[in-house]
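What follows is one structure encoded as structure tokens, with my remarks underneath.
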Amino acid sequence: MKTDVLIIGAGAAGLMCAITAGQRGRRVLVLDHANKPGKKILMSGGGRCNFTNLGVTPANYLSANPHFAKSALARYAPADFVALVEKHRIAYHEKELGQLFCDDSSKQIVRMLLDECAAAGVRIETGCAVERVRHREGGFSVATGRGELHAGALVVASGGLSIPSMGATGFGYELARQFGHEVRPTRAGLVPLTLSGKHQERYADLAGVALPAEARSGRQSFRSGLLFTHRGVSGPAILQISSYWQPGEELRLDLLPDRDAAAWLPAQRTARPAAELKTVLADLLPKRLAQRLCELDFGNRPMRQYREPELSTIGARLHDWPLVASGTEGYRTAEVTLGGVDTDGLSSSTMQSKLVPGLYFIGEVVDVTGWLGGYNFQWAWASGHAAGEVV
Ligand code: FDA
């Protein structure tokens with residue numbers, strides 16, 4: 001059977017592109033080397049797939065060109081994906097901050113995409129490795145484990161480097177370079193941070209302690225959950241800031257983001273002069289953390305023994321606690337890969353290569369990375385849709 005459009009990668013972006021192109025009557029073949037499609041969708045959102053975010057704006061994405069994502073995001077909005085979810089009668093809910101999750105299972109999203117593919121006449125071949133790609137007059141020839149395939153258009157939707165055990169490869173980046181595209185340096189994003197040496201020793205036995213906090217790096221900050229782990233720190237606030245943090249930079253934590261500690265502490269001294277500081281702090285912070293902060297920095301005496309300036313220094317410190325991370329847990333646990341195919345070489349409205357007609361890059365392989373909270377799937381849907389409309 002003849003193929004007009006060959007898509008490499010049956011993930012979120014590839015499947016959305018296939019559906020959109022298939023609905024236009026294009027003959028679409030999707031190849032994936034994994035044993036089933038949509039593996040990352042299946043594992044996403046703790047098994048419930050945070051499939052979009054109601055508050056998506058271009059400002060929620062990191063890219064060397066912050067304008068690149070605008071066109072595609074504007075033309076395929078969260079409401080468009082929600083309409084598809086509703087058409088398939090998949091129950092969903094807003095968890096927080098506009099994040100939409102399935103009530104039951106991520107499997108429903110994969111099922112929905114595969115049903116739409118089938119309805120649009122899309123063929124999907126899994127367990128099919130791509131060995132070589134060549135550009136020829138009028139199209140592309142792709143050598144696979146199952147022989148040579150030809151198509152007029154080639155869409156690279158092979159994702160990033162995160163979670164190699166799920167089939168992630170650097171294939172898309174190599175292909176981009178092969179065709180003369182620049183690839184921006186890649187690194188793990190939305191990833192736990194590690195501590196080492198004395199910085200790790202300070203917090204190592206706090207593993208499991210969780211609290212609401214604000215994590216800051218440079219001018220970026222995120223207020224959400226913070227979790228101490230055996231290797232360092234995690235939780236949504238840390239995952240978010242990890243995409244902005246650069247090795248060597250100090251992180252600052254606001255451990256009491258909902259309080260004015262400098263006002264609260266003197267009030268506690270008046271109300272409970274005999275109570276020790278660690279006991280007072282444990283009213284607002286996890287007990288083990290309160291104790292550790294006292295050991296590391298504040299001392300632990302009855303409140304009446306702390307003078308006003310000392311309490312205001314402690315208050316300021318609670319809102320601006322320094323943390324020195326040594327690195328990240330890397331691609332093994334990262335939700336996304338920052339960097340990727342340079343957007344300068346792509347059309348922002350169609351995702352087509354400016355260098356090789358008929359070649360497209362969509363989804364995570366492109367240098368566009370979203371925040372935690374459904375933004376990355378929305379980019380996959382939107383960029384896949386943009387290419388699918390023209391491919
Ligand atoms: P994706 O990685 O989905 O698909 C790429 C496909 O290409 C894969 O199927 C792979 O097997 C295939 N492939 C790779 N190399 C190949 C080759 N050489 N030949 C053939 N096939 C090849 N985002 C979000 O918005 N909400 C969420 O809840 C989550 N949750 C989440 C949890 C976890 C644990 C992870 C790791 C990630 C998330 N994400 C997320 C991020 C989200 O999963 C990610 O951004 C999208 O899946 C990217 O979609 P793509 O289609 O670009 O790549």
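Residues in the structure tokens are named by chain (A, B, ... in the order shown) and by number from 1 within that chain; ligands are numbered from 1 in the order shown.
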Practice task
Do a neighbour search on stretch 365-369 of chain A at 9 Å with only C-alpha atoms, toss out local chain neighbours closer than 6 positions, and write the hits as JSON, numbers by chain.
Solution key: {"A": [60, 61, 62, 63, 64, 65, 66, 68, 69, 156, 157, 158, 159, 160, 161, 170, 172, 173, 183, 184, 186, 189, 243, 336, 337, 338, 339, 340, 341, 342, 343, 375, 376, 379]}
Selected residues, N, CA and C atoms, written as a short mmCIF file (atom, residue, chain, number, x, y, z; two decimals), in the first residue's frame, please.
```
data_model
loop_
_atom_site.label_atom_id
_atom_site.label_comp_id
_atom_site.auth_asym_id
_atom_site.auth_seq_id
_atom_site.Cartn_x
_atom_site.Cartn_y
_atom_site.Cartn_z
N ASN A 60 4.46 29.32 29.40
CA ASN A 60 4.67 28.08 30.15
C ASN A 60 5.67 27.14 29.48
N TYR A 61 6.38 27.66 28.48
CA TYR A 61 7.31 26.81 27.74
C TYR A 61 8.71 27.41 27.72
N LEU A 62 9.72 26.56 27.75
CA LEU A 62 11.11 26.98 27.63
C LEU A 62 11.58 26.66 26.21
N SER A 63 12.22 27.62 25.58
CA SER A 63 12.75 27.44 24.24
C SER A 63 13.72 28.58 23.97
N ALA A 64 14.71 28.34 23.12
CA ALA A 64 15.62 29.44 22.77
C ALA A 64 14.83 30.54 22.07
N ASN A 65 13.72 30.18 21.41
CA ASN A 65 12.84 31.17 20.80
C ASN A 65 11.48 31.11 21.49
N PRO A 66 11.22 32.01 22.46
CA PRO A 66 9.98 31.91 23.22
C PRO A 66 8.72 32.17 22.39
N PHE A 68 8.23 30.77 19.34
CA PHE A 68 8.01 29.70 18.36
C PHE A 68 6.70 28.93 18.59
N ALA A 69 6.38 28.65 19.85
CA ALA A 69 5.23 27.77 20.13
C ALA A 69 3.88 28.47 19.94
N VAL A 156 9.15 13.54 12.02
CA VAL A 156 9.95 12.97 13.11
C VAL A 156 9.26 13.32 14.43
N ALA A 157 8.75 12.30 15.09
CA ALA A 157 8.02 12.47 16.35
C ALA A 157 8.58 11.50 17.37
N SER A 158 9.91 11.41 17.38
CA SER A 158 10.54 10.34 18.17
C SER A 158 10.87 10.75 19.61
N GLY A 159 10.41 11.95 20.03
CA GLY A 159 10.52 12.32 21.44
C GLY A 159 11.94 12.66 21.86
N GLY A 160 12.14 12.76 23.18
CA GLY A 160 13.42 13.14 23.74
C GLY A 160 14.15 11.97 24.36
N LEU A 161 15.07 12.26 25.26
CA LEU A 161 15.94 11.23 25.82
C LEU A 161 15.44 10.69 27.16
N GLY A 170 18.09 9.09 21.00
CA GLY A 170 18.50 10.37 20.41
C GLY A 170 18.32 10.37 18.90
N GLY A 172 15.96 11.25 16.81
CA GLY A 172 15.45 12.46 16.15
C GLY A 172 16.52 13.53 16.02
N TYR A 173 17.38 13.63 17.03
CA TYR A 173 18.44 14.63 16.98
C TYR A 173 19.47 14.27 15.90
N VAL A 183 21.03 21.36 16.57
CA VAL A 183 20.34 20.77 17.73
C VAL A 183 20.86 21.48 18.97
N ARG A 184 19.95 22.10 19.68
CA ARG A 184 20.34 22.81 20.91
C ARG A 184 20.74 21.79 21.98
N THR A 186 21.00 19.31 24.88
CA THR A 186 19.90 18.70 25.61
C THR A 186 20.29 18.46 27.08
N GLY A 189 14.96 17.61 32.17
CA GLY A 189 14.08 18.62 32.76
C GLY A 189 12.97 17.96 33.56
N SER A 243 13.97 22.68 35.60
CA SER A 243 14.10 23.03 34.17
C SER A 243 14.80 24.37 33.99
N VAL A 336 10.99 15.13 31.02
CA VAL A 336 11.18 15.70 29.69
C VAL A 336 12.66 15.96 29.40
N THR A 337 12.94 16.27 28.13
CA THR A 337 14.28 16.66 27.71
C THR A 337 14.23 18.10 27.24
N LEU A 338 15.04 18.93 27.86
CA LEU A 338 15.15 20.32 27.42
C LEU A 338 16.07 20.39 26.21
N GLY A 339 15.93 21.45 25.41
CA GLY A 339 16.74 21.58 24.21
C GLY A 339 16.17 20.72 23.10
N GLY A 340 16.97 20.51 22.04
CA GLY A 340 16.50 19.69 20.93
C GLY A 340 16.61 20.43 19.62
N VAL A 341 15.83 19.99 18.63
CA VAL A 341 15.95 20.55 17.27
C VAL A 341 15.68 22.06 17.31
N ASP A 342 16.65 22.82 16.84
CA ASP A 342 16.58 24.28 16.92
C ASP A 342 15.39 24.80 16.10
N THR A 343 14.58 25.62 16.75
CA THR A 343 13.37 26.11 16.08
C THR A 343 13.69 27.06 14.93
N TYR A 375 1.28 20.60 30.26
CA TYR A 375 1.76 21.50 29.20
C TYR A 375 2.52 20.75 28.11
N ASN A 376 3.22 19.68 28.49
CA ASN A 376 3.99 18.97 27.47
C ASN A 376 3.10 18.18 26.53
N TRP A 379 1.65 20.62 24.07
CA TRP A 379 2.58 20.93 22.98
C TRP A 379 2.62 19.78 21.97
#
```
Exercise for the section: Report the residues of stretch 101-153 of chain A whose backbone DSSP state falls under strand (DSSP E or B), written as an MDAnalysis selection string. Expected result: chainID A and resid 101:102 123:125 130:136 139:144 147:151 153
Write out the residues from the selection above, keeping C-alpha atoms, as a PDB file, in the first residue's frame.
```pdb
ATOM      1  CA  PHE A 101      -6.529  14.190  34.506  1.00  0.00           C
ATOM      2  CA  CYS A 102      -8.533  11.093  33.539  1.00  0.00           C
ATOM      3  CA  ARG A 123      -1.678   2.308   9.839  1.00  0.00           C
ATOM      4  CA  ILE A 124       0.578   1.779  12.858  1.00  0.00           C
ATOM      5  CA  GLU A 125       3.513  -0.604  12.957  1.00  0.00           C
ATOM      6  CA  VAL A 130      14.265   2.661  11.627  1.00  0.00           C
ATOM      7  CA  GLU A 131      17.796   2.081  10.405  1.00  0.00           C
ATOM      8  CA  ARG A 132      18.448   4.791   7.839  1.00  0.00           C
ATOM      9  CA  VAL A 133      16.656   7.690   6.195  1.00  0.00           C
ATOM     10  CA  ARG A 134      17.482   9.156   2.788  1.00  0.00           C
ATOM     11  CA  HIS A 135      16.014  12.151   1.027  1.00  0.00           C
ATOM     12  CA  ARG A 136      15.249  11.639  -2.610  1.00  0.00           C
ATOM     13  CA  GLY A 139      10.258  12.168  -0.918  1.00  0.00           C
ATOM     14  CA  PHE A 140      12.068   9.990   1.556  1.00  0.00           C
ATOM     15  CA  SER A 141      13.159   6.400   1.681  1.00  0.00           C
ATOM     16  CA  VAL A 142      13.376   4.815   5.082  1.00  0.00           C
ATOM     17  CA  ALA A 143      15.202   1.571   5.743  1.00  0.00           C
ATOM     18  CA  THR A 144      13.528  -0.389   8.545  1.00  0.00           C
ATOM     19  CA  GLY A 147      12.345  -3.425   4.546  1.00  0.00           C
ATOM     20  CA  GLU A 148      12.517  -0.158   2.641  1.00  0.00           C
ATOM     21  CA  LEU A 149       9.576   2.281   2.832  1.00  0.00           C
ATOM     22  CA  HIS A 150       8.901   5.378   0.752  1.00  0.00           C
ATOM     23  CA  ALA A 151       6.804   8.453   1.437  1.00  0.00           C
ATOM     24  CA  ALA A 153       6.592  13.457   3.687  1.00  0.00           C
TER      25      ALA A 153
END
```
Practice task
Would you mind listing the residues within 7 Å of ligand 1, counting only C-alpha atoms and all ligand atoms, as a count of residues only?
Solution key: 56
Handout entry: atom CA of A:Leu42 to atom CA of A:Val110, distance in Å rounded to a single decimal
Key =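 Computing the Euclidean distance for atom CA of A:Leu42 and atom CA of A:Val110 yields 7.2 Å.
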Practice task
Name the residues in contact with stretch 276-287 of chain A at a cut-off of 6 Å, using only C-alpha atoms, excluding same-chain residues fewer than 5 positions from it; report them as a PyMOL selection string.
Solution key: chain A and resi 300-303
Prev. selection, C-alpha atoms, output as an mmCIF file, in the first residue's frame:
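part_13.cif was written with the following content:
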```cif
data_model
loop_
_atom_site.group_PDB
_atom_site.id
_atom_site.type_symbol
_atom_site.label_atom_id
_atom_site.label_comp_id
_atom_site.auth_asym_id
_atom_site.auth_seq_id
_atom_site.Cartn_x
_atom_site.Cartn_y
_atom_site.Cartn_z
ATOM 1 C CA ASN A 300 16.797 25.657 69.996
ATOM 2 C CA ARG A 301 15.953 27.651 73.107
ATOM 3 C CA PRO A 302 12.746 28.726 74.809
ATOM 4 C CA MET A 303 11.111 31.473 72.743
#
```
Exercise for the section: Check stretch 185-305 of chain A with DSSP on the backbone and list each residue it calls helix (DSSP H, G or I), as an MDAnalysis selection string. Expected result: chainID A and resid 197:206 236:242 261:271 277:281 287:298 303:305
Counting only C-alpha atoms, which residues of stretch 247-269 of chain A sit at most 12 Å from some atom of stretch 237-241 of chain A, and what is each one's closest atom pair with its distance in Å to one decimal, listed by chain and rising residue number, as a tab-separated table?
```
residue	atom	partner	partner_atom	distance
A:Glu249	CA	A:Ile241	CA	11.6
A:Glu250	CA	A:Ile241	CA	11.5
A:Leu251	CA	A:Ile241	CA	8.8
A:Arg252	CA	A:Ile241	CA	10.4
A:Leu253	CA	A:Ala237	CA	9.7
A:Asp254	CA	A:Ala237	CA	10.8
A:Leu255	CA	A:Ala237	CA	11.4
A:Pro257	CA	A:Ala237	CA	12.0
```
Handout entry: atom CA of A:Gly384 to atom CA of A:Ala21, straight-line distance in Å
Key =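 Separating atom CA of A:Ala21 from atom CA of A:Gly384 is a distance of 9.5 Å.
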